[in-house]
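Engineer: Contents are PDB, C-alpha atoms, pLDDT in the B column; file name structure.pdb:
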```pdb
ATOM      1  CA  MET A 847      -7.844  18.062   9.396  1.00 76.00           C
ATOM      2  CA  ALA A 848     -11.348  16.800   8.661  1.00 82.00           C
ATOM      3  CA  MET A 849     -10.583  13.375  10.142  1.00 86.00           C
ATOM      4  CA  SER A 850      -9.332  15.026  13.336  1.00 88.00           C
ATOM      5  CA  VAL A 851     -12.637  16.851  13.682  1.00 90.00           C
ATOM      6  CA  ILE A 852     -14.598  13.655  13.006  1.00 92.00           C
ATOM      7  CA  TRP A 853     -12.615  11.682  15.608  1.00 87.00           C
ATOM      8  CA  LEU A 854     -13.014  14.486  18.126  1.00 89.00           C
ATOM      9  CA  LEU A 855     -16.786  14.586  17.570  1.00 92.00           C
ATOM     10  CA  LEU A 856     -17.070  10.807  17.878  1.00 89.00           C
ATOM     11  CA  SER A 857     -15.075  10.840  21.098  1.00 86.00           C
ATOM     12  CA  LEU A 858     -17.125  13.680  22.566  1.00 89.00           C
ATOM     13  CA  CYS A 859     -20.385  11.949  21.642  1.00 89.00           C
ATOM     14  CA  SER A 860     -19.187   8.761  23.340  1.00 84.00           C
ATOM     15  CA  ILE A 861     -18.237  10.621  26.514  1.00 86.00           C
ATOM     16  CA  VAL A 862     -21.511  12.564  26.628  1.00 88.00           C
ATOM     17  CA  TYR A 863     -23.529   9.385  26.021  1.00 87.00           C
ATOM     18  CA  ALA A 864     -21.610   7.556  28.772  1.00 84.00           C
ATOM     19  CA  LEU A 865     -22.255  10.418  31.210  1.00 86.00           C
ATOM     20  CA  ILE A 866     -25.963  10.630  30.372  1.00 88.00           C
ATOM     21  CA  GLY A 867     -26.454   6.855  30.462  1.00 86.00           C
ATOM     22  CA  ASN A 868     -24.347   6.437  33.610  1.00 86.00           C
ATOM     23  CA  CYS A 869     -21.990   4.075  31.756  1.00 83.00           C
ATOM     24  CA  THR A 870     -18.670   5.686  32.659  1.00 82.00           C
ATOM     25  CA  LYS A 871     -17.256   2.415  33.979  1.00 86.00           C
ATOM     26  CA  VAL A 872     -17.981   0.696  30.644  1.00 85.00           C
ATOM     27  CA  LEU A 873     -16.436   3.630  28.763  1.00 82.00           C
ATOM     28  CA  GLY A 874     -13.290   3.523  30.900  1.00 85.00           C
ATOM     29  CA  THR A 875     -12.932  -0.226  30.387  1.00 88.00           C
ATOM     30  CA  ALA A 876     -13.431   0.135  26.631  1.00 85.00           C
ATOM     31  CA  VAL A 877     -10.817   2.901  26.433  1.00 84.00           C
ATOM     32  CA  LEU A 878      -8.219   0.825  28.291  1.00 87.00           C
ATOM     33  CA  ASP A 879      -9.004  -2.336  26.309  1.00 87.00           C
ATOM     34  CA  GLY A 880      -8.784  -0.410  23.043  1.00 85.00           C
ATOM     35  CA  ALA A 881      -5.425   1.079  23.992  1.00 85.00           C
ATOM     36  CA  ALA A 882      -4.055  -2.346  24.968  1.00 86.00           C
ATOM     37  CA  SER A 883      -5.300  -3.871  21.699  1.00 83.00           C
ATOM     38  CA  ALA A 884      -3.749  -1.033  19.691  1.00 83.00           C
ATOM     39  CA  ILE A 885      -0.351  -1.576  21.310  1.00 86.00           C
ATOM     40  CA  THR A 886      -0.512  -5.346  20.777  1.00 82.00           C
ATOM     41  CA  LEU A 887      -1.471  -4.914  17.128  1.00 76.00           C
ATOM     42  CA  SER A 888       1.233  -2.276  16.560  1.00 81.00           C
ATOM     43  CA  LEU A 889       3.941  -4.509  18.017  1.00 81.00           C
ATOM     44  CA  SER A 890       2.866  -7.547  15.999  1.00 73.00           C
ATOM     45  CA  LEU A 891       2.754  -5.472  12.798  1.00 72.00           C
ATOM     46  CA  ALA A 892       6.136  -3.906  13.577  1.00 79.00           C
ATOM     47  CA  GLY A 893       7.698  -7.348  13.801  1.00 77.00           C
ATOM     48  CA  SER A 894       6.196  -8.448  10.507  1.00 68.00           C
ATOM     49  CA  LEU A 895       7.132  -5.185   8.811  1.00 71.00           C
ATOM     50  CA  CYS A 896      10.730  -5.410  10.052  1.00 78.00           C
ATOM     51  CA  LEU A 897      11.013  -8.993   8.811  1.00 76.00           C
ATOM     52  CA  TRP A 898       9.698  -8.278   5.309  1.00 69.00           C
ATOM     53  CA  SER A 899      11.501  -4.930   4.989  1.00 72.00           C
ATOM     54  CA  GLY A 900      14.720  -6.699   5.935  1.00 79.00           C
ATOM     55  CA  LEU A 901      13.993  -9.371   3.345  1.00 76.00           C
ATOM     56  CA  LEU A 902      13.466  -6.643   0.751  1.00 72.00           C
ATOM     57  CA  LYS A 903      16.871  -5.131   1.633  1.00 78.00           C
ATOM     58  CA  VAL A 904      18.501  -8.563   1.313  1.00 83.00           C
ATOM     59  CA  MET A 905      16.815  -8.949  -2.069  1.00 76.00           C
ATOM     60  CA  GLU A 906      18.210  -5.564  -3.164  1.00 75.00           C
ATOM     61  CA  ARG A 907      21.758  -6.331  -2.003  1.00 86.00           C
ATOM     62  CA  SER A 908      21.804  -9.839  -3.458  1.00 88.00           C
ATOM     63  CA  GLY A 909      20.649  -8.633  -6.859  1.00 82.00           C
ATOM     64  CA  ILE A 910      17.254 -10.309  -6.753  1.00 78.00           C
ATOM     65  CA  THR A 911      15.484  -6.979  -7.294  1.00 70.00           C
ATOM     66  CA  ALA A 912      17.689  -6.407 -10.347  1.00 73.00           C
ATOM     67  CA  LEU A 913      16.612  -9.833 -11.602  1.00 80.00           C
ATOM     68  CA  LEU A 914      12.978  -8.950 -10.889  1.00 75.00           C
ATOM     69  CA  SER A 915      13.535  -5.687 -12.739  1.00 71.00           C
ATOM     70  CA  ARG A 916      14.689  -7.620 -15.804  1.00 79.00           C
ATOM     71  CA  LEU A 917      11.756 -10.048 -15.488  1.00 84.00           C
ATOM     72  CA  LEU A 918       9.246  -7.224 -15.077  1.00 81.00           C
ATOM     73  CA  ARG A 919      10.797  -5.080 -17.820  1.00 80.00           C
ATOM     74  CA  PRO A 920       8.507  -6.317 -20.637  1.00 85.00           C
ATOM     75  CA  VAL A 921       5.359  -5.537 -18.641  1.00 86.00           C
ATOM     76  CA  LEU A 922       6.695  -2.323 -17.112  1.00 86.00           C
ATOM     77  CA  GLY A 923       8.079  -1.262 -20.497  1.00 85.00           C
ATOM     78  CA  ARG A 924       4.571  -1.392 -21.978  1.00 86.00           C
ATOM     79  CA  LEU A 925       3.032   0.478 -19.056  1.00 86.00           C
ATOM     80  CA  PHE A 926       5.823   3.047 -18.740  1.00 88.00           C
ATOM     81  CA  PRO A 927       7.582   3.377 -22.115  1.00 87.00           C
ATOM     82  CA  GLN A 928       9.486   6.584 -21.274  1.00 86.00           C
ATOM     83  CA  SER A 929      10.386   5.740 -17.676  1.00 84.00           C
ATOM     84  CA  SER A 930      11.535   2.217 -18.534  1.00 82.00           C
ATOM     85  CA  GLN A 931      14.349   3.749 -20.609  1.00 85.00           C
ATOM     86  CA  ASP A 932      15.814   5.244 -17.414  1.00 86.00           C
ATOM     87  CA  PRO A 933      17.527   2.566 -15.248  1.00 82.00           C
ATOM     88  CA  GLU A 934      17.018   4.548 -12.029  1.00 83.00           C
ATOM     89  CA  ALA A 935      13.293   5.017 -12.594  1.00 86.00           C
ATOM     90  CA  LEU A 936      12.852   1.399 -13.670  1.00 84.00           C
ATOM     91  CA  GLY A 937      14.734   0.222 -10.569  1.00 82.00           C
ATOM     92  CA  HIS A 938      12.483   2.206  -8.249  1.00 84.00           C
ATOM     93  CA  ILE A 939       9.341   1.091 -10.074  1.00 88.00           C
ATOM     94  CA  SER A 940      10.480  -2.543  -9.935  1.00 84.00           C
ATOM     95  CA  ALA A 941      11.289  -2.316  -6.223  1.00 82.00           C
ATOM     96  CA  ASN A 942       7.874  -0.816  -5.566  1.00 85.00           C
ATOM     97  CA  VAL A 943       6.060  -3.465  -7.603  1.00 85.00           C
ATOM     98  CA  SER A 944       8.120  -6.246  -5.963  1.00 79.00           C
ATOM     99  CA  ALA A 945       7.319  -4.999  -2.465  1.00 79.00           C
ATOM    100  CA  ASN A 946       3.643  -4.709  -3.351  1.00 81.00           C
ATOM    101  CA  LEU A 947       3.643  -8.249  -4.767  1.00 79.00           C
ATOM    102  CA  LEU A 948       4.905  -9.411  -1.372  1.00 73.00           C
ATOM    103  CA  GLY A 949       2.177  -7.400   0.360  1.00 72.00           C
ATOM    104  CA  LEU A 950       4.603  -4.929   1.920  1.00 72.00           C
ATOM    105  CA  GLY A 951       2.715  -1.696   1.400  1.00 70.00           C
ATOM    106  CA  ASN A 952       4.790   0.237   3.944  1.00 71.00           C
ATOM    107  CA  ALA A 953       8.068  -1.107   2.583  1.00 73.00           C
ATOM    108  CA  ALA A 954       6.941  -0.231  -0.950  1.00 79.00           C
ATOM    109  CA  THR A 955       6.332   3.410  -0.057  1.00 81.00           C
ATOM    110  CA  PRO A 956       9.949   4.703  -0.193  1.00 82.00           C
ATOM    111  CA  ALA A 957      10.524   3.069  -3.584  1.00 83.00           C
ATOM    112  CA  GLY A 958       7.185   4.424  -4.814  1.00 87.00           C
ATOM    113  CA  VAL A 959       8.006   7.962  -3.726  1.00 89.00           C
ATOM    114  CA  ALA A 960      11.455   7.753  -5.342  1.00 88.00           C
ATOM    115  CA  ALA A 961       9.918   6.383  -8.550  1.00 89.00           C
ATOM    116  CA  ALA A 962       7.298   9.153  -8.640  1.00 90.00           C
ATOM    117  CA  LYS A 963       9.965  11.838  -8.127  1.00 91.00           C
ATOM    118  CA  ARG A 964      12.162  10.376 -10.855  1.00 90.00           C
ATOM    119  CA  MET A 965       9.217  10.040 -13.259  1.00 90.00           C
ATOM    120  CA  ARG A 966       8.303  13.670 -12.634  1.00 90.00           C
ATOM    121  CA  GLN A 967      11.893  14.733 -13.334  1.00 88.00           C
ATOM    122  CA  LEU A 968      11.886  12.745 -16.560  1.00 87.00           C
ATOM    123  CA  SER A 969       8.622  14.291 -17.731  1.00 84.00           C
ATOM    124  CA  GLY A 970       9.909  17.818 -17.078  1.00 81.00           C
ATOM    125  CA  SER A 971       6.389  18.974 -16.310  1.00 79.00           C
ATOM    126  CA  SER A 972       4.889  20.455 -13.172  1.00 78.00           C
ATOM    127  CA  THR A 973       1.754  18.338 -13.643  1.00 81.00           C
ATOM    128  CA  ALA A 974       1.475  14.571 -13.375  1.00 82.00           C
ATOM    129  CA  SER A 975       2.270  12.778 -16.616  1.00 86.00           C
ATOM    130  CA  HIS A 976       0.116   9.938 -17.910  1.00 87.00           C
ATOM    131  CA  GLU A 977       2.839   7.476 -16.913  1.00 88.00           C
ATOM    132  CA  LEU A 978       2.893   8.843 -13.379  1.00 89.00           C
ATOM    133  CA  CYS A 979      -0.896   8.490 -13.174  1.00 89.00           C
ATOM    134  CA  ARG A 980      -0.632   4.877 -14.374  1.00 90.00           C
ATOM    135  CA  PHE A 981       2.073   4.245 -11.782  1.00 91.00           C
ATOM    136  CA  LEU A 982      -0.163   5.613  -9.037  1.00 89.00           C
ATOM    137  CA  VAL A 983      -2.967   3.326 -10.219  1.00 89.00           C
ATOM    138  CA  LEU A 984      -0.581   0.359 -10.234  1.00 87.00           C
ATOM    139  CA  ASN A 985       0.700   1.272  -6.781  1.00 86.00           C
ATOM    140  CA  THR A 986      -2.776   1.823  -5.353  1.00 84.00           C
ATOM    141  CA  ALA A 987      -4.245  -1.404  -6.742  1.00 83.00           C
ATOM    142  CA  SER A 988      -1.078  -3.261  -5.657  1.00 78.00           C
ATOM    143  CA  VAL A 989      -1.565  -6.809  -6.872  1.00 81.00           C
ATOM    144  CA  GLN A 990      -0.408  -8.929  -3.959  1.00 80.00           C
ATOM    145  CA  LEU A 991       0.805 -12.504  -4.244  1.00 81.00           C
ATOM    146  CA  LEU A 992       1.366 -12.657  -0.494  1.00 79.00           C
ATOM    147  CA  PRO A 993      -0.697 -10.175   1.542  1.00 82.00           C
ATOM    148  CA  THR A 994       1.692 -10.337   4.497  1.00 76.00           C
ATOM    149  CA  THR A 995       0.403  -7.261   6.341  1.00 76.00           C
ATOM    150  CA  VAL A 996      -3.211  -8.445   6.238  1.00 81.00           C
ATOM    151  CA  ALA A 997      -2.113 -11.941   7.236  1.00 82.00           C
ATOM    152  CA  ALA A 998      -0.172 -10.500  10.179  1.00 79.00           C
ATOM    153  CA  ILE A 999      -3.255  -8.568  11.322  1.00 82.00           C
ATOM    154  CA  ARG A1000      -5.391 -11.699  10.987  1.00 87.00           C
ATOM    155  CA  ALA A1001      -2.830 -13.762  12.936  1.00 85.00           C
ATOM    156  CA  ALA A1002      -2.637 -11.103  15.664  1.00 79.00           C
ATOM    157  CA  ALA A1003      -6.449 -11.219  15.915  1.00 82.00           C
ATOM    158  CA  GLY A1004      -6.295 -14.969  16.550  1.00 86.00           C
ATOM    159  CA  CYS A1005      -6.969 -16.362  13.072  1.00 88.00           C
ATOM    160  CA  GLU A1006      -5.606 -19.895  12.715  1.00 90.00           C
ATOM    161  CA  THR A1007      -5.345 -19.691   8.913  1.00 91.00           C
ATOM    162  CA  PRO A1008      -4.365 -16.102   8.103  1.00 89.00           C
ATOM    163  CA  PHE A1009      -3.529 -16.843   4.449  1.00 89.00           C
ATOM    164  CA  ASP A1010      -6.865 -18.443   3.520  1.00 90.00           C
ATOM    165  CA  ILE A1011      -7.839 -15.114   1.945  1.00 89.00           C
ATOM    166  CA  LEU A1012      -5.362 -15.521  -0.939  1.00 88.00           C
ATOM    167  CA  PRO A1013      -7.853 -16.264  -3.768  1.00 91.00           C
ATOM    168  CA  ALA A1014     -10.068 -13.326  -2.776  1.00 89.00           C
ATOM    169  CA  VAL A1015      -7.073 -10.979  -2.532  1.00 87.00           C
ATOM    170  CA  TRP A1016      -5.743 -12.092  -5.922  1.00 89.00           C
ATOM    171  CA  LEU A1017      -9.107 -11.696  -7.631  1.00 91.00           C
ATOM    172  CA  THR A1018      -9.960  -8.299  -6.160  1.00 90.00           C
ATOM    173  CA  SER A1019      -6.506  -6.794  -6.653  1.00 86.00           C
ATOM    174  CA  ILE A1020      -6.323  -7.972 -10.282  1.00 90.00           C
ATOM    175  CA  CYS A1021      -9.827  -6.615 -10.963  1.00 92.00           C
ATOM    176  CA  ALA A1022      -8.946  -3.307  -9.270  1.00 90.00           C
ATOM    177  CA  LEU A1023      -5.769  -3.037 -11.334  1.00 89.00           C
ATOM    178  CA  ALA A1024      -7.568  -3.800 -14.597  1.00 91.00           C
ATOM    179  CA  VAL A1025     -10.335  -1.280 -13.932  1.00 93.00           C
ATOM    180  CA  GLY A1026      -7.834   1.352 -12.768  1.00 91.00           C
ATOM    181  CA  LEU A1027      -5.611   0.961 -15.829  1.00 90.00           C
ATOM    182  CA  LEU A1028      -8.624   1.043 -18.156  1.00 92.00           C
ATOM    183  CA  ALA A1029      -9.872   4.200 -16.449  1.00 92.00           C
ATOM    184  CA  ALA A1030      -6.418   5.808 -16.728  1.00 89.00           C
ATOM    185  CA  ARG A1031      -6.294   4.943 -20.432  1.00 89.00           C
ATOM    186  CA  LEU A1032      -9.813   6.319 -20.951  1.00 91.00           C
ATOM    187  CA  PHE A1033      -8.993   9.598 -19.191  1.00 88.00           C
ATOM    188  CA  GLN A1034      -5.764   9.844 -21.171  1.00 85.00           C
ATOM    189  CA  ARG A1035      -7.704   9.549 -24.433  1.00 87.00           C
ATOM    190  CA  LEU A1036     -10.390  11.968 -23.268  1.00 86.00           C
ATOM    191  CA  GLY A1037      -7.704  14.464 -22.316  1.00 74.00           C
ATOM    192  CA  ARG A1038      -6.314  14.519 -25.858  1.00 62.00           C
ATOM    193  CA  ASP A1039      -9.473  16.085 -27.288  1.00 45.00           C
TER     194      ASP A1039
END
```
Would you mind writing the structure in this file as structure tokens?

Structural biologist:
Amino acid sequence: MAMSVIWLLLSLCSIVYALIGNCTKVLGTAVLDGAASAITLSLSLAGSLCLWSGLLKVMERSGITALLSRLLRPVLGRLFPQSSQDPEALGHISANVSANLLGLGNAATPAGVAAAKRMRQLSGSSTASHELCRFLVLNTASVQLLPTTVAAIRAAAGCETPFDILPAVWLTSICALAVGLLAARLFQRLGRD
């Protein structure tokens, strides 16, 4: 709701400024150019998202996500000791982590929601468990080996080397994950007192 009000105020300010400054032609051109750019970007992202979401489905059906689940089990077992005992929860968590590793934030969302629901069922509590909080930190930080969505946006904007951001993405996402997990652990310990 607040963002709607902010966007409305920004739009009204732009229109009033254009009327006062006699720049209505510039405003009209900017509105049309912005709409055209938004459609172009949406279509290019839709293509990329369809490709990688389809690849994720192929990975699920071919058993690659099950293999990833087994490979990730030692790490996920330490982060989520209770949830890793449940194959359904571990499968959803693994699918979410796998999609995030490929940079597919939108494709990771359904698996993340299913994992969060299953983790909440397993905890039997109406409040978020510590494992669920750690999962949300892991999902939010989303370490990405291939930031495909960002690369698609960069390519749509005319970048000739859309993947040259890889080292920066790796470093920042690993740092964000480390800080987030440390903060979750700290708050978990503080909450015990």

Engineer: Grab the CA of Leu992 in chain A to CA of Leu947 in chain A distance for me, in Å with one decimal place.

Structural biologist: 6.5 Å

Engineer: I'd like to see the residues matched by the PyMOL selection byres ((chain A and resi 895) around 12) on this file, and ideally I'd get them as number ranges by chain.

Structural biologist: A: 887-894, 896-902, 945, 948-954, 993-999

Engineer: What's around Ala1030 in chain A at 10 Å? Count only C-alpha atoms, leave out sequence neighbours fewer than 4 positions away in its own chain, and write the answer as a list of chain:residue names.

Structural biologist: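 Residues near the query, excluding close chain neighbours: A:His976, A:Glu977, A:Cys979, A:Arg980, A:Phe981, A:Leu982, A:Val983, A:Ala1024, A:Val1025, A:Gly1026, A:Gln1034, A:Arg1035, A:Leu1036.
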
Engineer: Just the residues within 10 Å of Leu968 in chain A, please, counting only C-alpha atoms, with nothing from its chain fewer than 4 positions along; format it as JSON, numbers by chain.

Structural biologist: {"A": [928, 929, 932, 935, 962, 963, 964, 975]}

Engineer: Considering all atoms listed in the file, return as number ranges by chain whatever protein or nucleic-acid residues lie within 8 Å of Ser915 in chain A, sequence-local ones (same chain, fewer than 5 positions apart) excluded.

Structural biologist: A: 936-937, 940-941
